[in-house]
Structure formats: C-alpha cells, structure tokens
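Structure file query.cif (mmCIF, C-alpha atoms) follows.
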```cif
data_entry
#
loop_
_atom_site.label_atom_id
_atom_site.label_comp_id
_atom_site.auth_asym_id
_atom_site.auth_seq_id
_atom_site.Cartn_x
_atom_site.Cartn_y
_atom_site.Cartn_z
CA MET Y 1 11.76 -16.44 -2.39
CA THR Y 2 10.77 -14.05 0.39
CA THR Y 3 8.77 -15.04 3.45
CA ALA Y 4 5.77 -13.16 2.04
CA GLU Y 5 6.00 -15.17 -1.19
CA THR Y 6 6.19 -18.41 0.79
CA THR Y 7 3.04 -17.42 2.69
CA ARG Y 8 1.17 -16.58 -0.49
CA ALA Y 9 2.17 -19.95 -1.96
CA GLU Y 10 0.32 -21.66 0.92
CA ILE Y 11 -2.96 -20.23 -0.32
CA ARG Y 12 -4.65 -22.82 -2.51
CA ARG Y 13 -5.51 -20.77 -5.56
CA PRO Y 14 -8.30 -22.31 -7.65
CA ALA Y 15 -8.00 -23.00 -11.35
CA GLN Y 16 -11.64 -23.65 -12.21
CA LYS Y 17 -14.06 -20.78 -12.82
CA ARG Y 18 -16.56 -21.90 -10.17
CA SER Y 19 -13.84 -22.28 -7.55
CA ARG Y 20 -12.34 -18.90 -8.44
CA ALA Y 21 -15.76 -17.31 -7.93
CA ARG Y 22 -15.99 -18.89 -4.47
CA PHE Y 23 -12.44 -17.78 -3.65
CA GLU Y 24 -13.27 -14.18 -4.57
CA ALA Y 25 -16.57 -14.39 -2.67
CA ILE Y 26 -14.65 -15.29 0.48
CA LEU Y 27 -12.47 -12.21 0.07
CA ASP Y 28 -15.50 -10.05 -0.71
CA GLY Y 29 -17.26 -11.28 2.41
CA THR Y 30 -14.21 -10.64 4.57
CA GLU Y 31 -13.97 -7.15 3.11
CA ARG Y 32 -17.59 -6.45 4.06
CA LEU Y 33 -16.91 -7.57 7.62
CA LEU Y 34 -13.87 -5.30 7.80
CA GLU Y 35 -16.11 -2.32 7.05
CA THR Y 36 -17.57 -2.59 10.56
CA LEU Y 37 -15.36 -4.98 12.55
CA PRO Y 38 -11.68 -5.03 13.56
CA ALA Y 39 -9.70 -7.80 11.94
CA SER Y 40 -9.11 -9.40 15.35
CA ALA Y 41 -12.88 -9.96 15.68
CA ILE Y 42 -13.23 -11.79 12.36
CA SER Y 43 -13.08 -15.60 12.38
CA ILE Y 44 -13.39 -18.27 9.73
CA HIS Y 45 -16.85 -19.11 11.10
CA GLY Y 46 -17.82 -15.44 10.88
CA ILE Y 47 -16.63 -15.25 7.27
CA ALA Y 48 -18.51 -18.45 6.46
CA ALA Y 49 -21.72 -17.02 7.89
CA GLU Y 50 -21.27 -13.78 5.93
CA VAL Y 51 -20.62 -15.57 2.64
CA GLY Y 52 -23.12 -18.38 3.16
CA ILE Y 53 -20.73 -21.29 2.83
CA SER Y 54 -19.30 -23.83 5.26
CA PRO Y 55 -16.07 -23.22 7.21
CA PRO Y 56 -14.39 -26.26 5.57
CA SER Y 57 -14.97 -24.58 2.18
CA ILE Y 58 -12.88 -21.64 3.38
CA TYR Y 59 -10.18 -23.85 4.88
CA HIS Y 60 -9.93 -25.59 1.50
CA PHE Y 61 -8.48 -22.38 0.05
CA PHE Y 62 -6.96 -20.90 3.22
CA PRO Y 63 -5.45 -23.60 5.50
CA GLU Y 64 -4.67 -20.91 8.11
CA PRO Y 65 -7.10 -18.08 8.96
CA HIS Y 66 -4.47 -15.36 8.59
CA LEU Y 67 -4.05 -16.32 4.92
CA VAL Y 68 -7.44 -14.78 4.16
CA PHE Y 69 -6.05 -11.40 5.23
CA SER Y 70 -2.82 -12.06 3.36
CA ALA Y 71 -4.84 -12.62 0.17
CA LEU Y 72 -6.81 -9.43 0.85
CA ALA Y 73 -3.56 -7.52 1.33
CA GLU Y 74 -2.39 -8.77 -2.05
CA ARG Y 75 -5.69 -7.65 -3.62
CA TYR Y 76 -5.47 -4.15 -2.08
CA LEU Y 77 -1.82 -3.66 -2.99
CA GLN Y 78 -2.56 -4.57 -6.60
CA ARG Y 79 -5.45 -2.11 -6.68
CA PHE Y 80 -3.34 0.62 -5.09
CA GLU Y 81 -0.53 0.09 -7.58
CA ALA Y 82 -2.96 0.01 -10.51
CA SER Y 83 -4.72 3.23 -9.53
CA VAL Y 84 -2.64 5.61 -7.41
CA LEU Y 85 0.74 4.64 -8.87
CA THR Y 86 -0.41 5.14 -12.45
CA GLU Y 87 -1.46 8.74 -11.88
CA VAL Y 88 0.83 11.48 -13.22
CA PRO Y 89 0.47 14.63 -11.08
CA GLN Y 90 -0.01 17.90 -12.94
CA GLY Y 91 1.33 21.39 -12.23
CA ILE Y 92 4.49 20.12 -10.58
CA GLU Y 93 7.27 22.68 -10.04
CA SER Y 94 9.53 20.90 -7.54
CA TRP Y 95 10.27 17.46 -6.13
CA GLN Y 96 8.54 18.63 -2.96
CA ASP Y 97 5.38 19.27 -5.01
CA LEU Y 98 5.64 15.87 -6.66
CA GLN Y 99 6.10 14.01 -3.41
CA THR Y 100 3.21 15.84 -1.76
CA ALA Y 101 0.87 15.15 -4.69
CA GLN Y 102 1.76 11.44 -4.72
CA TYR Y 103 1.16 10.93 -1.03
CA ARG Y 104 -2.03 12.97 -0.92
CA ALA Y 105 -3.39 10.75 -3.67
CA GLY Y 106 -2.51 7.82 -1.42
CA GLN Y 107 -4.22 9.47 1.54
CA LYS Y 108 -7.39 9.91 -0.50
CA TRP Y 109 -7.34 6.28 -1.65
CA PHE Y 110 -6.93 4.87 1.84
CA ASN Y 111 -9.61 7.13 3.28
CA GLU Y 112 -12.00 5.88 0.60
CA HIS Y 113 -11.18 2.21 1.34
CA PRO Y 114 -11.63 1.48 5.07
CA ALA Y 115 -11.01 -2.26 4.74
CA ALA Y 116 -7.71 -1.60 2.98
CA ARG Y 117 -6.75 0.80 5.78
CA GLN Y 118 -7.24 -1.99 8.29
CA VAL Y 119 -5.37 -4.63 6.35
CA LEU Y 120 -2.43 -2.56 5.08
CA LEU Y 121 -1.91 0.20 7.64
CA GLU Y 122 -3.13 -1.58 10.76
CA GLY Y 123 -2.37 -5.09 9.51
CA PRO Y 124 1.42 -4.79 9.76
CA ALA Y 125 1.00 -4.40 13.52
CA TRP Y 126 -0.62 -7.83 13.87
CA SER Y 127 0.71 -9.80 10.90
CA SER Y 128 4.35 -10.25 9.98
CA GLU Y 129 3.28 -11.70 6.62
CA ILE Y 130 1.29 -8.62 5.67
CA ARG Y 131 4.16 -6.45 6.87
CA LEU Y 132 6.46 -8.22 4.41
CA GLN Y 133 3.90 -7.88 1.60
CA ASP Y 134 3.64 -4.17 2.41
CA LEU Y 135 7.41 -3.78 2.25
CA ASP Y 136 7.46 -5.53 -1.13
CA SER Y 137 4.89 -3.00 -2.35
CA ASN Y 138 6.97 -0.14 -0.94
CA PHE Y 139 9.74 -1.29 -3.26
CA VAL Y 140 7.38 -0.93 -6.23
CA THR Y 141 6.12 2.45 -5.04
CA ALA Y 142 9.65 3.78 -4.61
CA GLY Y 143 10.47 2.64 -8.14
CA ARG Y 144 7.50 4.56 -9.49
CA SER Y 145 8.68 7.67 -7.63
CA ILE Y 146 12.07 7.37 -9.32
CA GLU Y 147 10.37 7.07 -12.72
CA LEU Y 148 8.44 10.28 -12.13
CA LEU Y 149 11.47 12.11 -10.77
CA THR Y 150 13.54 11.25 -13.83
CA GLN Y 151 10.64 12.10 -16.11
CA MET Y 152 10.12 15.54 -14.62
CA PHE Y 153 13.53 16.66 -13.36
CA VAL Y 154 17.21 16.67 -14.29
CA MET Y 155 18.42 14.17 -11.71
CA PRO Y 156 21.94 13.99 -10.32
CA GLU Y 157 23.48 10.64 -9.42
CA ILE Y 158 22.16 9.80 -5.95
CA PRO Y 159 23.58 6.66 -4.30
CA ASP Y 160 20.99 4.16 -3.06
CA LEU Y 161 18.11 6.42 -4.08
CA HIS Y 162 15.68 3.51 -4.22
CA ASP Y 163 16.49 2.48 -0.64
CA ARG Y 164 16.13 6.06 0.59
CA LEU Y 165 12.69 6.41 -0.99
CA VAL Y 166 11.56 3.14 0.58
CA GLU Y 167 12.60 4.61 3.93
CA VAL Y 168 10.49 7.71 3.21
CA ILE Y 169 7.47 5.45 2.68
CA VAL Y 170 8.10 3.61 5.96
CA ILE Y 171 8.32 6.92 7.84
CA ASN Y 172 5.11 8.09 6.20
CA ASP Y 173 3.21 4.87 6.92
CA ALA Y 174 4.11 5.05 10.61
CA ILE Y 175 2.44 8.48 10.91
CA TRP Y 176 -0.54 7.44 8.81
CA SER Y 177 -1.01 4.34 10.97
CA LEU Y 178 -0.94 6.52 14.08
CA SER Y 179 -3.61 8.75 12.55
CA ILE Y 180 -5.81 5.72 11.88
CA TYR Y 181 -5.31 4.52 15.44
CA ARG Y 182 -6.29 7.92 16.85
CA HIS Y 183 -8.97 9.04 14.41
CA GLY Y 184 -10.04 6.08 12.28
CA LEU Y 185 -8.66 7.62 9.08
CA ILE Y 186 -5.76 9.71 7.77
CA THR Y 187 -6.68 13.24 8.80
CA ASP Y 188 -5.42 16.30 6.94
CA GLU Y 189 -3.64 17.40 10.11
CA MET Y 190 -1.76 14.11 10.43
CA GLU Y 191 -1.02 14.06 6.69
CA GLU Y 192 0.60 17.48 7.16
CA GLN Y 193 2.77 16.03 9.93
CA ALA Y 194 3.67 13.14 7.62
CA ARG Y 195 4.47 15.60 4.81
CA ARG Y 196 6.87 17.52 7.03
CA ALA Y 197 8.60 14.29 8.07
CA ARG Y 198 8.84 13.11 4.44
CA ILE Y 199 10.31 16.39 3.21
CA ALA Y 200 12.74 16.67 6.11
CA TYR Y 201 14.10 13.16 5.57
CA SER Y 202 14.20 13.53 1.78
CA ARG Y 203 16.36 16.64 2.15
CA THR Y 204 19.11 14.42 3.58
CA PHE Y 205 19.66 12.88 0.13
CA LEU Y 206 17.89 15.12 -2.42
CA PRO Y 207 19.15 18.61 -3.30
CA GLU Y 208 16.76 21.39 -2.34
CA TYR Y 209 16.28 22.33 -5.99
CA LEU Y 210 16.05 20.04 -9.01
CA PRO Y 211 15.79 21.68 -12.46
CA LEU Y 212 12.64 20.83 -14.38
CA ARG Y 213 13.23 18.93 -17.60
CA THR Y 214 12.42 21.03 -20.66
CA ASP Y 215 13.47 18.64 -23.44
CA GLY Y 216 10.67 16.13 -22.97
CA LYS Y 217 13.23 13.34 -22.59
CA THR Y 218 13.79 10.98 -19.68
CA VAL Y 219 17.01 9.62 -18.33
CA PRO Y 220 17.50 6.03 -19.59
#
```
The structure in this file should be written as structure tokens.
Amino acid sequence: MTTAETTRAEIRRPAQKRSRARFEAILDGTERLLETLPASAISIHGIAAEVGISPPSIYHFFPEPHLVFSALAERYLQRFEASVLTEVPQGIESWQDLQTAQYRAGQKWFNEHPAARQVLLEGPAWSSEIRLQDLDSNFVTAGRSIELLTQMFVMPEIPDLHDRLVEVIVINDAIWSLSIYRHGLITDEMEEQARRARIAYSRTFLPEYLPLRTDGKTVP
C-alpha cells in the first residue's frame, strides 16, 4: 500500500445515503471556496460555514484538515481520467501530433476547472499526500498514452516506455504549475513551452517517425 493509499484510508467514508450526501456536500463546499480563495486560506471552520454544518461534522469524516483536499484530489483525478483520458484524438499523423492533442485536451480541462488547478497543480507544492496521488494518476495517464500509441502506430520495443512517459508528464506538470503561479491558468504561450519540452524529452526514447497502423489491429 502506498503512502497515498494509507492517507485515503484515514478518511472515514460513509456507508449510509444521508451520510454520503453530507460527505459530498463538504467537498462541494470546499470546491466553491477554492473558486475564490487559495487552499492555504481555507479552514475547517470556513468549510463548515460555507456548507452550513458544524466543524465536528466535518472532523467526523476528515480527522485531519488536509484530508478534505486529499479527497478532492481523488475526485478531480477520477473526473480527469473519465473525461480527458477517454478521448481519442482525430486526424493524427505522428506521435508528436498525438502527444500534443492529448496535452492540449488536458490544458483545456484544467483551465475550465480552477479548483482542480489549485488542488492538483498547485497542491503538490503544499501536500505530499496529493503529490503521491498525482503520481499515481500519472501512472494511469502514461498507460493510456501507450494504449493510444499502440492503437495508432507500429511500435518498436522500447525499454521502460511506461516510466519514460510518466517522466514526460512530470516535466509537463512543472511548466503548467509555473504558468498557474505566474498567470492563474495554463496560457497558450506556456503550453507551447511545455510542448517543446515534452517533444524534446520524448525524442530521447521515441524514434522521430512511427509508421501509422493501416490494418486496424492493435499490438496485444
């Protein structure tokens, strides 16, 4: 069990419908606060006032305040994986095109979800637990990239491809986080800088040209 999984286990997840509704209301209220406040300015008492419940009711589910943000990170990562990672880009001619399309879809998603930007792209700077959750999600995202690569291209054997693609994500997230710090969102200019960094690093393990698959089959 990873440290992130241990942290998530500390959250007291409700079984009853009424309790689940209150649990989700706490996350919804925290999300509303994140629309206008930095995470560092949000307290359990502030969340309680926003939701209209008592602080002990929040502590019942989240014994430590940071666990509220950990639960939100889990929510956002699930939503990201269910939306952005299920998209199949069209009009792809090269792995460079595929990678660019994937990450620009991610840029759009984060720019449309300011609370998620705070928790996932700023959160790793102030929470080691969220950083570990983010890295777990990077593993999933890299796996999806491999699925699309093998679906669209004739792939050679590339040692440790999964690890290399996780590293691409980490490089990308560092530039995106810098953009959010400077501008409040992921600007097109900073996304272009991230694209150049992604492509440059990917060229250290991917051949410049991968043949498109024409048989409609994928590599097992």
Answer key for the PyMOL selection byres ((chain Y and resi 195) around 10), residues as a PyMOL selection string: chain Y and resi 96+99-100+103-104+171-172+175+189-194+196-201
Pairwise distance, atom CA of Y:Ile146 with atom CA of Y:Glu129, equals 26.4 Å
Any idea what's packed within 10 Å of Y:Arg117, counting all atoms listed in the file, ignoring anything in its chain fewer than 2 positions away? Could you give it as a ChimeraX atom specification? /Y:34-35,73,76,107,109-115,119-123,176-177,180,184-186
Given all atoms listed in the file as the counted atoms, nearest of Y:Ala39, Y:Leu178, Y:Ala21, Y:Leu161 to Y:Gln118: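 Among the listed residues, Y:Ala39 lies closest to Y:Gln118.
If you look at atom CA of Y:Tyr59 and atom CA of Y:Leu72, they are 15.3 Å away from each other.
With distances taken over all atoms listed in the file, Y:Leu77 is the one residue among Y:Ala82, Y:Leu210, Y:Ile26, Y:Leu77 lying closest to Y:Gln133.
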Given only C-alpha atoms as the basis, pick out the residue of Y:His45, Y:Leu149, Y:Pro38, Y:Val168 nearest to Y:Pro65. Y:His45
Can you work out which one of Y:Ile130, Y:Leu85, Y:Leu98, Y:Ala48 has the shortest atom-to-atom distance to Y:Gln151, counting only C-alpha atoms? Y:Leu98
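With all atoms listed in the file as the atoms that count, the minimum distance from Y:Trp95 to the choices Y:Ala41, Y:Leu148, Y:Val51, Y:Leu132 is reached by Y:Leu148.
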Nearest residue to Y:Ser70 from the set Y:Leu27, Y:Ala174, Y:Thr150, Y:Thr187 (distances using only C-alpha atoms):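 Nearest candidate to Y:Ser70 out of Y:Leu27, Y:Ala174, Y:Thr150, Y:Thr187: Y:Leu27.
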In Å, with one decimal, what is the gap from atom CA of Y:Arg131 to atom CA of Y:Arg13? 21.3 Å
Taking (-12.9, -22.1, 3.0) in the file's coordinates, which residues come within 12 Å, counting only C-alpha atoms, written as a count of residues only? 38
Taking the file as shown, what set of residues would the PyMOL selection byres ((chain Y and resi 86) around 12) give back, as a short mmCIF file (atom, residue, chain, number, x, y, z; two decimals) with C-alpha atoms, keeping the file's coordinate frame?
```cif
data_model
loop_
_atom_site.label_atom_id
_atom_site.label_comp_id
_atom_site.auth_asym_id
_atom_site.auth_seq_id
_atom_site.Cartn_x
_atom_site.Cartn_y
_atom_site.Cartn_z
CA GLN Y 78 -2.56 -4.57 -6.60
CA ARG Y 79 -5.45 -2.11 -6.68
CA PHE Y 80 -3.34 0.62 -5.09
CA GLU Y 81 -0.53 0.09 -7.58
CA ALA Y 82 -2.96 0.01 -10.51
CA SER Y 83 -4.72 3.23 -9.53
CA VAL Y 84 -2.64 5.61 -7.41
CA LEU Y 85 0.74 4.64 -8.87
CA GLU Y 87 -1.46 8.74 -11.88
CA VAL Y 88 0.83 11.48 -13.22
CA PRO Y 89 0.47 14.63 -11.08
CA GLN Y 102 1.76 11.44 -4.72
CA ALA Y 105 -3.39 10.75 -3.67
CA GLY Y 106 -2.51 7.82 -1.42
CA VAL Y 140 7.38 -0.93 -6.23
CA THR Y 141 6.12 2.45 -5.04
CA GLY Y 143 10.47 2.64 -8.14
CA ARG Y 144 7.50 4.56 -9.49
CA SER Y 145 8.68 7.67 -7.63
CA GLU Y 147 10.37 7.07 -12.72
CA LEU Y 148 8.44 10.28 -12.13
#
```
Take the PyMOL selection byres ((chain Y and resi 207) around 10), run it mentally on this structure, and tell me the resulting residues as a ChimeraX atom specification. /Y:95,155-156,158,202-206,208-210
